[in-house]
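Below is one structure, written out as C-alpha cells, with a few remarks after it.
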Amino acid sequence: MSGEHDASWAAEEFADVSLGDKRLDARLIKLCDRFSDAPESPINQACADWAETKAAYRFFQNENVDAGEILMAHRCKTAKRAKKHETVLAVQDTSYFVYSSHPKTEGLGKMSLKKGKNVDKIYSNGLMVHTCLAVTTEGLPLGLLDQKIFSRKLRSKKTSGGKNSKPYDRLPVEEKESYRWLEVLKKTNEVMGDRQIVTVCDREADLYDFFKISQQLSSPVLVRAKADRTINRKSRYAEKGVVKLWEYMQQRPESGFYTIDIPMKSKAKHCKERQARTAKVSVRFGSFQFNPPRNNPKHKKEHLPDIEMNAVYALEQNPPNPEEAVEWMLLTNLPVKSYDEAYEKVKWYCLRWRIEMYFKVLKSGFRVEACRLGHAERLARYLTIMSIVAWRLFMITLVARTDPELPCSILLADHEWKVLFLKTSKKKTFPKKPPPIGDIVVLVAKLGGYLARKNDGPPGTITLWKGWKRLVDLAQGWELASQS
C-alpha cells in the first residue's frame with residue numbers, strides 16, 4: 001500500500017542494503033513504494049513527477065548500483081522469515097523475458113529460434129531469469145532466496161574447432177547453461193545455513209550432477225523425472241539385470257489413492273482443449289540406485305558414485321478418452337517409507353505451481369517486458385526490484401488463504417482499511433477492531449472487479465492488484481481531504 005505504512009515495509013525489507021551511497025539506498029526504497037502503488041505502470045507514470053522520474057532513470061543507469069546487492073538484502077530477510085518454519089520449499093524455475101519489440105536494446109541474448117516465411121532464422125531477443133522462491137508447505141511465498149538474470153549466448157554444435165572438438169552434451173556441467181540449477185542450490189544452502197530446506201524443481205533439473213551435489217551438501221531435493229533412465233546397474237557398462245525407471249516403478253505395489261480436481265482448459269496456440277474432471281490417482285513409491293551416465297566426462301578425473309534415491313510415481317486411473325492421464329515421476333533423496341510420506345511429496349510438488357503464478361504476475365500483471373531501458377544491465381536492475389515487489393503483492397494475495405484471521409493492520413494503515421470499509425460496505429459505522437485480513441482481501445478484490453458470488457473461487461492476483469491501485473487513490477484522497 002501507499003503512504004507511510006507501506007514505506008515502512010520497504011524500509012524494513014531493505015534496512016541492511018548497502019549500495020555504496022545512502023542516497024541510492026533511499027532511492028531504492030522510494031522506487032519500491034512507487035512500483036507497489038502502480039505496478040503495471042511504466043516508470044514515468046509510476047513516479048510522482050518529472051524530477052522523480054529522472055532520478056529513477058539515473059538509478060537504473062548507474063553502474064555502481066549492483067543488482068546483486070539489492071537482492072542480497074531481500075535474501076537475508078527471506079531467510080529470516082523462512083527459519084520460523086519447520087519445513088520450507090525452495091522452488092526453482094526459469095522464465096524467458098522477451099524484448100524483441102525493442103530492437104535498439106543492447107546486451108540482450110538470443111532466446112528461442114523460429115523460422116519465418118521470408119527469413120530462415122528469427123531469434124527472439126531477451127533475458128533469462130532463473131529464480132528460487134521460498135514457499136511454506138501451506139503455499140505462502142516468503143520471498144526470493146536467489147535469482148540469476150543473464151543473456152543467453154548462442155552455442156555452436158562443437159565447443160571448439162579441430163579434430164578434438166567435443167559435442168555439447170559431453171561438456172562438464174559447469175560449462176553448460178543447466179549449471180544454474182546447481183549454482184542456486186549451493187547459494188540457497190549458504191543463505192539458509194544449517195536450516196533444512198527442500199529444493200523443488202521441474203524436469204529440467206533431472207541431472208545426475210544436480211543429485212550428486214545435493215548429496216554432498218546433505219540438501220533435500222524433489223525433482224520431477226524427465227529421462228526414463230537405466231537404474232540399478234552393478235557396473236558402468238552392465239547390460240544384464242538392468243531395468244528402466246518407469247518399468248521398475250510400475251512393478252511396485254499401489255500404496256494408496258487420492259483424488260484431484262482438474263480445471264477446464266480452453267484451446268490455445270500451445271495447448272489442447274481440456275474438460276474439467278475429477279481424477280483418481282494411484283501412488284507408488286520405491287528406492288533405487290541412480291547410476292552416473294556412461295558419457296559423463298568426469299569419469300576420467302574422478303569416481304562418480306551411485307546415488308541412493310527414492311521415487312514417487314503418481315498415475316491417473318482410467319482417464320476419459322481422449323484426455324491424457326495425469327502422470328508424475330518424482331525423484332527425491334528424502335526418505336519415503338509409507339503412503340503418507342509419498343503423498344506429502346506429491347503435495348509439495350503441487351506447490352511448484354506457485355512460481356508459475358509468480359512469473360505470471362511479473363509478465364501479465366506488471367508488464368515488465370514493456371520496459372524500455374535500452375540496455376540489459378539496466379533491465380537487470382529493474383527486474384530485480386520488480387521481482388521483489390511482485391513477491392510482496394503475490395504474498396498478500398495468498399496470505400488471506402493461509403492465515404485469513406490475521407489482523408489487516410499488518411498490511412494496511414488505519415485510514416486505509418477505514419476508507420475501504422466505507423467504500424465497499426453498506427454500514428456507516430466502523431467495527432471496534434480492524435477486520436481480519438481474509439475479509440479485507442475480498443473487499444480489495446471487489447474494487448478490482450471481483451464479484452464474490454457464492455460459487456466464485458478466491459480472488460486472483462491480477463484482480464487484487466487492480467483493487468490495490470484503486471484503494472491507493474481512495475486513501476490518498478482521504479488524506480488530502482483530512483488535511484484541508
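Quick note on naming: the chains in the C-alpha cells go A, B, ... in the order shown, residues restart at 1 in each chain, and ligands are numbered from 1 in order of appearance.
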
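Taking only C-alpha atoms, the non-local environment of A:Val312 within 8 Å (same-chain residues fewer than 3 positions away omitted) comprises A:Val283, A:Arg284, A:Phe285, A:Gly286, A:Trp328, A:Met329, A:Leu330, A:Leu331, A:Ala342, A:Lys345, A:Val346.
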
Using N, CA, C and O atoms, can you export the residues from the last selection as a PDB file, in the first residue's frame?
ATOM      1  N   VAL A 283      -0.759 -44.016  -6.174  1.00  0.00           N
ATOM      2  CA  VAL A 283       0.584 -43.629  -5.725  1.00  0.00           C
ATOM      3  C   VAL A 283       1.410 -44.880  -5.461  1.00  0.00           C
ATOM      4  O   VAL A 283       0.976 -45.782  -4.730  1.00  0.00           O
ATOM      5  N   ARG A 284       2.572 -44.934  -6.086  1.00  0.00           N
ATOM      6  CA  ARG A 284       3.559 -45.981  -5.816  1.00  0.00           C
ATOM      7  C   ARG A 284       4.855 -45.322  -5.367  1.00  0.00           C
ATOM      8  O   ARG A 284       5.140 -44.190  -5.747  1.00  0.00           O
ATOM      9  N   PHE A 285       5.647 -46.026  -4.594  1.00  0.00           N
ATOM     10  CA  PHE A 285       6.945 -45.488  -4.197  1.00  0.00           C
ATOM     11  C   PHE A 285       7.946 -46.623  -4.060  1.00  0.00           C
ATOM     12  O   PHE A 285       7.572 -47.800  -3.880  1.00  0.00           O
ATOM     13  N   GLY A 286       9.205 -46.283  -4.180  1.00  0.00           N
ATOM     14  CA  GLY A 286      10.258 -47.284  -4.071  1.00  0.00           C
ATOM     15  C   GLY A 286      11.631 -46.635  -4.112  1.00  0.00           C
ATOM     16  O   GLY A 286      11.776 -45.482  -4.529  1.00  0.00           O
ATOM     17  N   TRP A 328       3.081 -38.278 -12.854  1.00  0.00           N
ATOM     18  CA  TRP A 328       4.269 -37.647 -12.290  1.00  0.00           C
ATOM     19  C   TRP A 328       5.205 -38.721 -11.764  1.00  0.00           C
ATOM     20  O   TRP A 328       4.793 -39.613 -11.021  1.00  0.00           O
ATOM     21  N   MET A 329       6.470 -38.596 -12.138  1.00  0.00           N
ATOM     22  CA  MET A 329       7.525 -39.423 -11.557  1.00  0.00           C
ATOM     23  C   MET A 329       8.444 -38.467 -10.792  1.00  0.00           C
ATOM     24  O   MET A 329       9.168 -37.680 -11.399  1.00  0.00           O
ATOM     25  N   LEU A 330       8.375 -38.530  -9.478  1.00  0.00           N
ATOM     26  CA  LEU A 330       9.114 -37.602  -8.627  1.00  0.00           C
ATOM     27  C   LEU A 330      10.302 -38.311  -7.990  1.00  0.00           C
ATOM     28  O   LEU A 330      10.158 -39.407  -7.438  1.00  0.00           O
ATOM     29  N   LEU A 331      11.464 -37.667  -8.070  1.00  0.00           N
ATOM     30  CA  LEU A 331      12.690 -38.215  -7.505  1.00  0.00           C
ATOM     31  C   LEU A 331      13.112 -37.384  -6.301  1.00  0.00           C
ATOM     32  O   LEU A 331      13.078 -36.154  -6.355  1.00  0.00           O
ATOM     33  N   ALA A 342       4.836 -40.507   0.860  1.00  0.00           N
ATOM     34  CA  ALA A 342       4.796 -40.366  -0.598  1.00  0.00           C
ATOM     35  C   ALA A 342       3.811 -39.269  -1.011  1.00  0.00           C
ATOM     36  O   ALA A 342       4.118 -38.426  -1.863  1.00  0.00           O
ATOM     37  N   LYS A 345       5.108 -35.754  -0.589  1.00  0.00           N
ATOM     38  CA  LYS A 345       5.991 -35.283  -1.664  1.00  0.00           C
ATOM     39  C   LYS A 345       5.171 -34.813  -2.864  1.00  0.00           C
ATOM     40  O   LYS A 345       5.532 -33.846  -3.535  1.00  0.00           O
ATOM     41  N   VAL A 346       4.060 -35.504  -3.138  1.00  0.00           N
ATOM     42  CA  VAL A 346       3.182 -35.088  -4.238  1.00  0.00           C
ATOM     43  C   VAL A 346       2.600 -33.700  -3.948  1.00  0.00           C
ATOM     44  O   VAL A 346       2.565 -32.825  -4.822  1.00  0.00           O
TER      45      VAL A 346
END

Exercise. Write out as a list in words which residues come within 9 Å of A:Phe60 when counting only C-alpha atoms, dropping same-chain ones fewer than 2 positions away.
Key: Ala55, Ala56, Tyr57, Arg58, Asn62, Glu63, Val65, Leu373, Glu377, Arg378, Leu379, Ala380, Arg381 and Tyr382 of chain A

Self-check item: Å distance separating atom CA of A:Lys267 from atom CA of A:Glu323, one decimal place
Solution: 13.2 Å

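Closest approach to A:Asp202 from the set A:Arg352, A:Lys234, A:Lys433, A:His85 is made by A:Arg352, with distances taken over only C-alpha atoms.
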
Practice problem: Name the closest residue to A:Val221 among the candidates A:Tyr248, A:Trp348, A:Trp468, A:Tyr258; distances are taken between atoms, counting only C-alpha atoms. | Solution: A:Trp348

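In this comparison, which uses only C-alpha atoms, the residue of A:His415, A:Ser235, A:Ala90, A:Cys350 approaching A:Leu480 most closely is A:His415.
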
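The nearest approach to A:Cys201 among the residues A:His130, A:Arg470, A:Lys272, A:Lys298, with only C-alpha atoms taken into account, belongs to A:His130.
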
Practice problem: For A:Asp194, please output as an NGL selection string all residues within 12 Å (counting only C-alpha atoms; exclusion window: fewer than 6 positions along the same chain). | Solution: :A and (79 or 83 or 188 or 217-219)

Selected residues written out with all heavy atoms, as a PDB file, in the first residue's frame:
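What follows is the written file again39.pdb:
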ATOM      1  N   ALA A  79      15.380 -15.398   4.244  1.00  0.00           N
ATOM      2  CA  ALA A  79      15.925 -16.475   5.071  1.00  0.00           C
ATOM      3  C   ALA A  79      15.453 -16.341   6.516  1.00  0.00           C
ATOM      4  O   ALA A  79      15.134 -17.348   7.172  1.00  0.00           O
ATOM      5  CB  ALA A  79      17.446 -16.466   4.998  1.00  0.00           C
ATOM      6  N   LYS A  83      13.233 -19.268   8.421  1.00  0.00           N
ATOM      7  CA  LYS A  83      13.718 -20.001   9.585  1.00  0.00           C
ATOM      8  C   LYS A  83      12.680 -20.114  10.690  1.00  0.00           C
ATOM      9  O   LYS A  83      12.880 -20.838  11.662  1.00  0.00           O
ATOM     10  CB  LYS A  83      14.998 -19.348  10.111  1.00  0.00           C
ATOM     11  CG  LYS A  83      16.185 -19.548   9.179  1.00  0.00           C
ATOM     12  CD  LYS A  83      17.434 -18.845   9.672  1.00  0.00           C
ATOM     13  CE  LYS A  83      18.596 -19.066   8.709  1.00  0.00           C
ATOM     14  NZ  LYS A  83      19.834 -18.368   9.135  1.00  0.00           N
ATOM     15  N   THR A 188      21.382 -21.301  -2.071  1.00  0.00           N
ATOM     16  CA  THR A 188      20.275 -21.487  -1.145  1.00  0.00           C
ATOM     17  C   THR A 188      20.763 -22.082   0.169  1.00  0.00           C
ATOM     18  O   THR A 188      20.362 -21.661   1.251  1.00  0.00           O
ATOM     19  CB  THR A 188      19.207 -22.399  -1.771  1.00  0.00           C
ATOM     20  OG1 THR A 188      18.707 -21.792  -2.966  1.00  0.00           O
ATOM     21  CG2 THR A 188      18.047 -22.619  -0.811  1.00  0.00           C
ATOM     22  N   LEU A 217      26.018 -31.868  -0.244  1.00  0.00           N
ATOM     23  CA  LEU A 217      25.592 -30.784   0.646  1.00  0.00           C
ATOM     24  C   LEU A 217      24.600 -31.249   1.708  1.00  0.00           C
ATOM     25  O   LEU A 217      24.198 -30.457   2.560  1.00  0.00           O
ATOM     26  CB  LEU A 217      24.955 -29.653  -0.171  1.00  0.00           C
ATOM     27  CG  LEU A 217      25.850 -28.936  -1.181  1.00  0.00           C
ATOM     28  CD1 LEU A 217      25.022 -27.990  -2.043  1.00  0.00           C
ATOM     29  CD2 LEU A 217      26.960 -28.174  -0.478  1.00  0.00           C
ATOM     30  N   SER A 218      24.183 -32.529   1.620  1.00  0.00           N
ATOM     31  CA  SER A 218      23.130 -33.058   2.504  1.00  0.00           C
ATOM     32  C   SER A 218      21.882 -32.191   2.406  1.00  0.00           C
ATOM     33  O   SER A 218      21.243 -31.841   3.414  1.00  0.00           O
ATOM     34  CB  SER A 218      23.620 -33.130   3.948  1.00  0.00           C
ATOM     35  OG  SER A 218      24.736 -33.985   4.055  1.00  0.00           O
ATOM     36  N   SER A 219      21.548 -31.832   1.177  1.00  0.00           N
ATOM     37  CA  SER A 219      20.433 -30.928   0.915  1.00  0.00           C
ATOM     38  C   SER A 219      19.270 -31.699   0.291  1.00  0.00           C
ATOM     39  O   SER A 219      19.413 -32.295  -0.775  1.00  0.00           O
ATOM     40  CB  SER A 219      20.887 -29.809  -0.038  1.00  0.00           C
ATOM     41  OG  SER A 219      19.818 -28.949  -0.340  1.00  0.00           O
TER      42      SER A 219
END
